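K.L.:
Starting off with a structure, shown below.
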Amino acid sequence: MTARTLLAAFIVFVAASSAKADYEHEFAFKPDHPAGSVAVAGDFNNWSTDATPMQRGDDGIWRRKISLPEGVQHYKFVVDGGQWMPDPNGDKTLEADDNHGGKNSGVFIGPDGRNLPPAEPESINLQAVAHDPNDSRDRDVVTPGTVLLTLRAQANDLTGANVLVESNGTSLSQPMYRVDSKYGFDRYGAMVQTSGGGAVCYSFDLVDGAKHAKFPAEAITCDMEPSFETPDWAKRAVWYQIFPERFRNGDPANDPNDHDYEHVVKWTGDWWKTQAGEAAGPENFYKGLGNVWKRRYGGDVQGLIQALPYLKKLGVSAIYLNPMFEADSMHKYDTTDYRHIDDNFGFKGDIAQLHGETEDPATWQWTKTDKLFLDFVARAHAQGFKVILDGVFNHVGRSNWAFQDVLKNGRQSKYAGWFDVRDWNPPIKYIAWDKGADPSSDGALPVFKKDPQLGLVHGPREHIMAITRRWLAPDGDASKGVDGFRLDVPGDIPHPFWIDWRKLVKSTKPDAYISGEIWTWAQPWLHGDQFDAVMNYRWADAAQKFFVNQAKALKPSEFNQYLSEIAYNYPFQVSLAQMNLFDSHDTDRFASMFVNPDLEYDAANRIQDNGPNYKPDKPTPQMYERMRQAVACQMGFVGAPMIYYGDEAGMWSPDDPSNRQPFVWPEMKFDDPKVKFDPVQFAFYQRAIAARRQIEPLELGFFHAIDVEDAKGVYAFERDVDDQHAYVVINRSDREQTIKLKSAEKDGTKLINWLDPSQCDVVNADGGNARPTLKARGDKGFTVTGGGYSLSLKPFGSAILSKP
């Protein structure tokens, strides 16, 4: 493809084979002291300290050329593997907080429209117009027959644009919407649906007042088959994340025994007070004897089975389980045995009854607990749920059977090559995830050894592949297995492993879902050859900045910029399947963020170390109301909403370990009278989830803002699927606002605010796999008049509207 050139664009354009248009940029850095190594880490490589090494020149300057997507890329230089340095020659206006008290440097990549001459009325600057059909950001076939098209024009140069499509002998013109505006450019987009298969031809009608221009001169042909797809069910999912040990104790007989490292306590005890059998005094809560780290509450698979009716009543459709495999800890990220579900989740002691298992899958057996878990999966499937497991495949626990053999037999162990041992002299020193880059003899989480060509060395690689088959298709039957995996710290394993692993997953269960724990932008994993999606912490960060923060709150226009990037920086089939979370087992709870505004996301929130001033107080009623406003936006935005267990019940807390408190079941009375199930919170979640599930544009639709008013604190956006439309309206201010909105509906059309109990009722369904639905009241709603409608929203109010 020929390079595009625009004014003030001094960077060479590269046509990447991944159908992602990048620009070549050279980083340069001269340390102020001798350095043995320098690497550049940033958004583009998941902030890896060694993925992008630089080369030292004779002039003492370290350099590295790499291809980067357009926009602002943040980065730092990593000296000698551990010293993080900003770029002294970087553009100070592009710097961003690094969440550690310093700054990340920023570099602007790609054409800079801010240097173009001012746009003129009734005149279209065609030299500034760009559409690259080889770039998935400009043309993305989302599903067979559906294509997302965008083009770029000089800012404020167009008053509108249309897509002109020729398909199967028919012509259509579809309006485009401005979806982004930055760096001197506007981006317009539309999602086009065609009937039948095969190819279509398209071009663009550019409009500036009475002036029209066709672009390009010759129509472009597009094959309407996607290069890859993500599971349809994942786009329609509402996720519920469960931390098993703290969710529900269905069988006390399998509770852990008392040891020096674990102690069973009362489910309803006061979290912040000494429990029976614990050492007294606040000095023993986090530190000292560390009471809180030893607590066990007995959550199990039996509890998961008992909870299915509750989850169905809530309306969620997909369950993400934190680790379930055999492990010593309560969190289970220190896997002892991937082959089996932890016996404290089922039938205590059943793993010890097995004999003769090796790394050979032919020797593997099913315990009673394993069978109970598969029974849970079957029951969940029968009730319309999907279930995915946490795949912790980068590291294991010291008690892992293969690592124990290494500790026992040293170099002679048949598993010696599985782990990254650096010193075989007793006690051996190895790389452990909890100890960082330095070898240790006491690391709790030894990592599997990496291979640049395979990702993991042969032994653990084949073991993880076999484990994946075992749980996706037990005894070869994919209908009985889990529906995918959420992957823990996948950025620590080189890409070749995930490329091959995806092939195994999709060949075993074609509609299985793969999501990775990537906190930054994740483009390297999301081109269709590795993951379907990630845990969308970019959404969580934006939501905190807009809904939670006070002094540092985003304006509606700034929030819209964040959401546009989140929706369109990935292939749209990826964006639709993202796990859109507010919080997780790794953060403070969303409700508590409102008590502690203006912090960086997931920063200064652990009372025991980085957040001594963090307030663990219960949120006020107004804070919960503001949280519900955020939930309305979450249910309406692009991507699959995810709920961390208990958020819908009003739970609040600082970060780990307090974000893992036992669930507040409605029938339980807790020692702390403030801790109880919140029926108002639950009812709102139930209503918002029902709206999400029954309004198709909220699940699959094109996204664009329709009202952005910084002065009033108002933000509204629209989701569209063909001729179906839905509208999400937010009043972020503390004053009632009357909002006038344009509508794509015909005059006389009635719209319902599905979040307003006076306009519709929640109808609970019994039996089968049905979920709650919403039924409009015949005499309520808004009528479209003159191409629009008006509605009033109370302070911190929200609305989700569509035709009944």
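If you're wondering about the labels, chains in the structure tokens are A, B, ... by order shown, residues count from 1 in each chain, ligands from 1 in order shown.
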Sorted by chain and rising residue number, which residues of region 345-457 of chain A lie within 12 Å of region 81-85 of chain A, and what are their closest atom pairs and distances in Å to one decimal, counting only C-alpha atoms, as a tab-separated table?

P.N.:
residue	atom	partner	partner_atom	distance
A:Gly436	CA	A:Gly82	CA	10.1
A:Ala437	CA	A:Gly81	CA	8.4
A:Asp438	CA	A:Gly81	CA	10.5

K.L.:
Could you please take those selected residues and save all heavy atoms as a compact mmCIF listing (two decimals), in the first residue's frame?

P.N.:
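The resulting file, selection.txt, is shown below:
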# COMPACT_ATOMS: atom_id res chain seq x y z
N GLY A 436 9.94 -11.52 41.71
CA GLY A 436 10.46 -10.68 40.64
C GLY A 436 11.56 -11.37 39.85
O GLY A 436 11.58 -12.59 39.69
N ALA A 437 12.52 -10.57 39.35
CA ALA A 437 13.52 -11.08 38.42
C ALA A 437 14.71 -11.75 39.09
O ALA A 437 15.52 -12.39 38.42
CB ALA A 437 14.02 -9.92 37.54
N ASP A 438 14.84 -11.61 40.41
CA ASP A 438 15.99 -12.17 41.11
C ASP A 438 15.71 -13.59 41.59
O ASP A 438 14.66 -13.85 42.19
CB ASP A 438 16.37 -11.29 42.30
CG ASP A 438 16.82 -9.90 41.86
OD1 ASP A 438 17.45 -9.80 40.80
OD2 ASP A 438 16.52 -8.93 42.59

K.L.:
Pick out the residues sitting within 12 Å of Asp58 (chain A), and hand them over as a list in words; count only C-alpha atoms, and ignore anything fewer than 4 positions along from it in its own chain.

P.N.:
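My reading of the contact set: Lys30, Trp62 and Arg63 of chain A.
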
K.L.:
Would you output that residue set with N, CA and C atoms, as a tab-separated table (two decimals), in the first residue's frame?

P.N.:
chain	number	residue	atom	x	y	z
A	30	LYS	N	20.00	8.46	26.32
A	30	LYS	CA	21.37	8.44	26.80
A	30	LYS	C	21.36	8.52	28.31
A	62	TRP	N	21.42	4.94	23.27
A	62	TRP	CA	20.71	3.69	23.02
A	62	TRP	C	19.52	3.99	22.13
A	63	ARG	N	19.31	3.16	21.08
A	63	ARG	CA	18.26	3.40	20.11
A	63	ARG	C	17.48	2.12	19.82

K.L.:
What's around Gly145 (chain A) at 6 Å? Count only C-alpha atoms, leave out sequence neighbours fewer than 4 positions away in its own chain, and write the answer as a list in words.

P.N.:
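Contacts, with the query itself left out: Gln193, Thr194 and Met224 of chain A.
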
K.L.:
Write out as an mmCIF file with C-alpha atoms, in the first residue's frame the set of residues from region 248-481 of chain A that DSSP, computed on the backbone, places in helix (DSSP H, G or I).

P.N.:
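As written to disk, states.cif reads:
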data_model
loop_
_atom_site.group_PDB
_atom_site.id
_atom_site.type_symbol
_atom_site.label_atom_id
_atom_site.label_comp_id
_atom_site.auth_asym_id
_atom_site.auth_seq_id
_atom_site.Cartn_x
_atom_site.Cartn_y
_atom_site.Cartn_z
ATOM 1 C CA PRO A 252 -19.353 -27.338 56.118
ATOM 2 C CA ALA A 253 -18.028 -30.925 56.043
ATOM 3 C CA ASN A 254 -15.391 -29.917 53.488
ATOM 4 C CA PRO A 282 -5.196 -4.893 65.947
ATOM 5 C CA GLU A 283 -1.448 -5.425 65.667
ATOM 6 C CA ASN A 284 -2.245 -9.026 64.633
ATOM 7 C CA ASN A 291 -5.065 -13.110 61.341
ATOM 8 C CA VAL A 292 -6.764 -11.850 58.194
ATOM 9 C CA TRP A 293 -4.508 -13.855 55.862
ATOM 10 C CA LYS A 294 -5.321 -17.108 57.667
ATOM 11 C CA VAL A 301 -18.965 -26.031 44.796
ATOM 12 C CA GLN A 302 -22.050 -27.017 46.757
ATOM 13 C CA GLY A 303 -22.488 -23.317 47.500
ATOM 14 C CA LEU A 304 -22.158 -22.476 43.806
ATOM 15 C CA ILE A 305 -24.943 -24.925 42.998
ATOM 16 C CA GLN A 306 -27.158 -23.445 45.710
ATOM 17 C CA ALA A 307 -26.513 -19.921 44.364
ATOM 18 C CA LEU A 308 -27.647 -20.560 40.773
ATOM 19 C CA PRO A 309 -31.275 -19.476 41.420
ATOM 20 C CA TYR A 310 -30.022 -16.227 42.962
ATOM 21 C CA LEU A 311 -27.793 -15.514 39.971
ATOM 22 C CA LYS A 312 -30.618 -16.289 37.570
ATOM 23 C CA LYS A 313 -32.906 -13.904 39.465
ATOM 24 C CA LEU A 314 -30.215 -11.217 39.229
ATOM 25 C CA ASP A 343 -10.966 -30.929 47.646
ATOM 26 C CA ASN A 344 -11.996 -28.188 50.115
ATOM 27 C CA PHE A 345 -14.436 -27.140 47.394
ATOM 28 C CA ILE A 351 -7.282 -36.317 45.999
ATOM 29 C CA ALA A 352 -5.138 -38.193 48.522
ATOM 30 C CA GLN A 353 -7.002 -41.369 47.619
ATOM 31 C CA PRO A 361 -3.054 -37.714 30.658
ATOM 32 C CA ALA A 362 -3.797 -41.415 30.254
ATOM 33 C CA THR A 363 -3.152 -41.822 33.998
ATOM 34 C CA LYS A 368 -15.590 -36.956 43.579
ATOM 35 C CA THR A 369 -14.903 -33.220 43.759
ATOM 36 C CA ASP A 370 -14.046 -33.086 40.052
ATOM 37 C CA LYS A 371 -17.325 -34.835 39.259
ATOM 38 C CA LEU A 372 -19.220 -32.473 41.559
ATOM 39 C CA PHE A 373 -17.730 -29.510 39.722
ATOM 40 C CA LEU A 374 -18.723 -30.961 36.352
ATOM 41 C CA ASP A 375 -22.217 -31.490 37.792
ATOM 42 C CA PHE A 376 -22.261 -27.784 38.687
ATOM 43 C CA VAL A 377 -21.251 -26.927 35.115
ATOM 44 C CA ALA A 378 -24.053 -29.142 33.773
ATOM 45 C CA ARG A 379 -26.618 -27.502 36.072
ATOM 46 C CA ALA A 380 -25.355 -24.048 35.119
ATOM 47 C CA HIS A 381 -25.601 -24.883 31.422
ATOM 48 C CA ALA A 382 -29.142 -26.173 31.888
ATOM 49 C CA TRP A 401 3.678 -32.018 42.422
ATOM 50 C CA ALA A 402 6.242 -31.396 39.654
ATOM 51 C CA PHE A 403 8.098 -28.725 41.626
ATOM 52 C CA GLN A 404 8.145 -30.937 44.708
ATOM 53 C CA ASP A 405 9.890 -33.577 42.629
ATOM 54 C CA VAL A 406 12.479 -30.949 41.624
ATOM 55 C CA LEU A 407 13.044 -29.990 45.266
ATOM 56 C CA LYS A 408 13.483 -33.661 46.142
ATOM 57 C CA ASN A 409 15.635 -34.827 43.234
ATOM 58 C CA GLY A 410 17.365 -31.684 42.019
ATOM 59 C CA ARG A 411 18.953 -31.946 38.573
ATOM 60 C CA GLN A 412 17.932 -35.616 38.411
ATOM 61 C CA ALA A 416 14.034 -30.200 36.221
ATOM 62 C CA GLY A 417 13.628 -28.491 32.848
ATOM 63 C CA TRP A 418 10.107 -27.278 33.626
ATOM 64 C CA TRP A 433 6.596 -14.766 40.267
ATOM 65 C CA ASP A 434 6.253 -13.309 43.770
ATOM 66 C CA LYS A 435 9.991 -12.498 43.955
ATOM 67 C CA HIS A 458 8.123 -28.397 26.048
ATOM 68 C CA GLY A 459 7.234 -30.073 29.376
ATOM 69 C CA PRO A 460 4.913 -27.488 30.949
ATOM 70 C CA ARG A 461 3.688 -26.457 27.508
ATOM 71 C CA GLU A 462 2.347 -29.923 26.781
ATOM 72 C CA HIS A 463 1.002 -30.233 30.332
ATOM 73 C CA ILE A 464 -1.014 -27.005 30.045
ATOM 74 C CA MET A 465 -2.303 -28.088 26.641
ATOM 75 C CA ALA A 466 -3.514 -31.385 28.129
ATOM 76 C CA ILE A 467 -5.061 -29.616 31.122
ATOM 77 C CA THR A 468 -6.915 -27.303 28.749
ATOM 78 C CA ARG A 469 -8.390 -30.246 26.840
ATOM 79 C CA ARG A 470 -9.342 -31.973 30.104
ATOM 80 C CA TRP A 471 -11.528 -29.129 31.372
ATOM 81 C CA LEU A 472 -12.882 -27.912 28.018
ATOM 82 C CA PRO A 474 -13.980 -33.924 29.820
ATOM 83 C CA ASP A 475 -13.449 -37.392 28.377
ATOM 84 C CA GLY A 476 -13.650 -35.802 24.936
ATOM 85 C CA ALA A 478 -17.066 -30.536 24.901
ATOM 86 C CA SER A 479 -20.711 -30.190 25.975
ATOM 87 C CA LYS A 480 -19.715 -31.193 29.516
#

K.L.:
At a cut-off of 6 Å, using only C-alpha atoms, what residues contact region 107-109 of chain A? Leave out same-chain residues fewer than 4 positions from it and give the result as a PyMOL selection string.

P.N.:
chain A and resi 70-73

K.L.:
Output N, CA and C atoms for every residue in the selection just made, as a PDB file, in the first residue's frame.

P.N.:
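Result written to result_22.pdb:
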ATOM      1  N   GLU A  70      -1.021   4.993  15.558  1.00  0.00           N
ATOM      2  CA  GLU A  70      -1.108   6.432  15.708  1.00  0.00           C
ATOM      3  C   GLU A  70      -1.759   6.823  17.033  1.00  0.00           C
ATOM      4  N   GLY A  71      -1.479   8.045  17.447  1.00  0.00           N
ATOM      5  CA  GLY A  71      -1.981   8.541  18.723  1.00  0.00           C
ATOM      6  C   GLY A  71      -0.835   8.735  19.695  1.00  0.00           C
ATOM      7  N   VAL A  72      -1.172   9.017  20.937  1.00  0.00           N
ATOM      8  CA  VAL A  72      -0.162   9.211  21.971  1.00  0.00           C
ATOM      9  C   VAL A  72       0.196   7.866  22.591  1.00  0.00           C
ATOM     10  N   GLN A  73       1.479   7.537  22.589  1.00  0.00           N
ATOM     11  CA  GLN A  73       1.974   6.318  23.225  1.00  0.00           C
ATOM     12  C   GLN A  73       2.820   6.725  24.432  1.00  0.00           C
TER      13      GLN A  73
END

K.L.:
Within 12 Å of Asn610 (chain A), counting only C-alpha atoms, which residues qualify if same-chain residues fewer than 3 places away don't, as an NGL selection string?

P.N.:
:A and (99-101 or 599 or 602-607 or 613-614 or 654-656)

K.L.:
If we count only C-alpha atoms, what is near Asp722 (chain A) at a cut-off of 12 Å, once residues fewer than 4 positions away on the same chain are taken out, given as a VMD selection string?

P.N.:
chain A and resid 145 to 148 174 to 175 190 to 195 696 to 697 700 to 702 726 744

K.L.:
May I have the residues within 10 Å of Ala199 (chain A) as a list in words, using only C-alpha atoms and disregarding those fewer than 5 positions away in the same chain?

P.N.:
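The residues satisfying every condition are Gly145, Glu166, Ser167, Asn168, Thr194, Thr221, Cys222, Asp223, Met224 and Glu225 of chain A.
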
K.L.:
Would you mind exporting N, CA and C atoms of the selected residues as a short mmCIF file (atom, residue, chain, number, x, y, z; two decimals), in the first residue's frame?

P.N.:
data_model
loop_
_atom_site.label_atom_id
_atom_site.label_comp_id
_atom_site.auth_asym_id
_atom_site.auth_seq_id
_atom_site.Cartn_x
_atom_site.Cartn_y
_atom_site.Cartn_z
N GLY A 145 -21.60 -10.34 6.84
CA GLY A 145 -22.66 -9.41 6.47
C GLY A 145 -22.69 -8.12 7.25
N GLU A 166 -23.09 -0.70 -2.48
CA GLU A 166 -23.71 -1.50 -3.53
C GLU A 166 -23.60 -2.96 -3.12
N SER A 167 -24.74 -3.64 -2.97
CA SER A 167 -24.73 -5.02 -2.49
C SER A 167 -25.83 -5.81 -3.18
N ASN A 168 -25.45 -6.88 -3.89
CA ASN A 168 -26.41 -7.77 -4.53
C ASN A 168 -27.41 -7.01 -5.40
N THR A 194 -25.57 -5.91 5.52
CA THR A 194 -26.02 -6.25 4.18
C THR A 194 -26.69 -7.61 4.21
N THR A 221 -13.95 -2.52 -2.96
CA THR A 221 -14.60 -3.82 -2.79
C THR A 221 -14.25 -4.41 -1.43
N CYS A 222 -15.24 -4.99 -0.79
CA CYS A 222 -15.04 -5.58 0.55
C CYS A 222 -15.67 -6.96 0.62
N ASP A 223 -14.87 -7.96 0.94
CA ASP A 223 -15.36 -9.31 1.20
C ASP A 223 -16.01 -9.31 2.58
N MET A 224 -17.27 -9.70 2.66
CA MET A 224 -18.03 -9.59 3.92
C MET A 224 -17.86 -10.80 4.84
N GLU A 225 -16.72 -11.46 4.75
CA GLU A 225 -16.39 -12.53 5.70
C GLU A 225 -15.32 -12.00 6.65
#

K.L.:
Just list the residues in region 69-227 of chain A DSSP gives strand (DSSP E or B) on the backbone, as a count of residues only.

P.N.:
88

K.L.:
Mind giving me the straight-line distance from CA of Lys211 (chain A) to CA of Gly786 (chain A) in Å, one decimal?

P.N.:
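Spanning CA of Lys211 (chain A) to CA of Gly786 (chain A) is a straight-line distance of 25.6 Å.
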
K.L.:
What's the separation between CA of Trp366 (chain A) and CA of Tyr297 (chain A), in Å to one decimal place?

P.N.:
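Going from CA of Trp366 (chain A) over to CA of Tyr297 (chain A), I get 25.5 Å.
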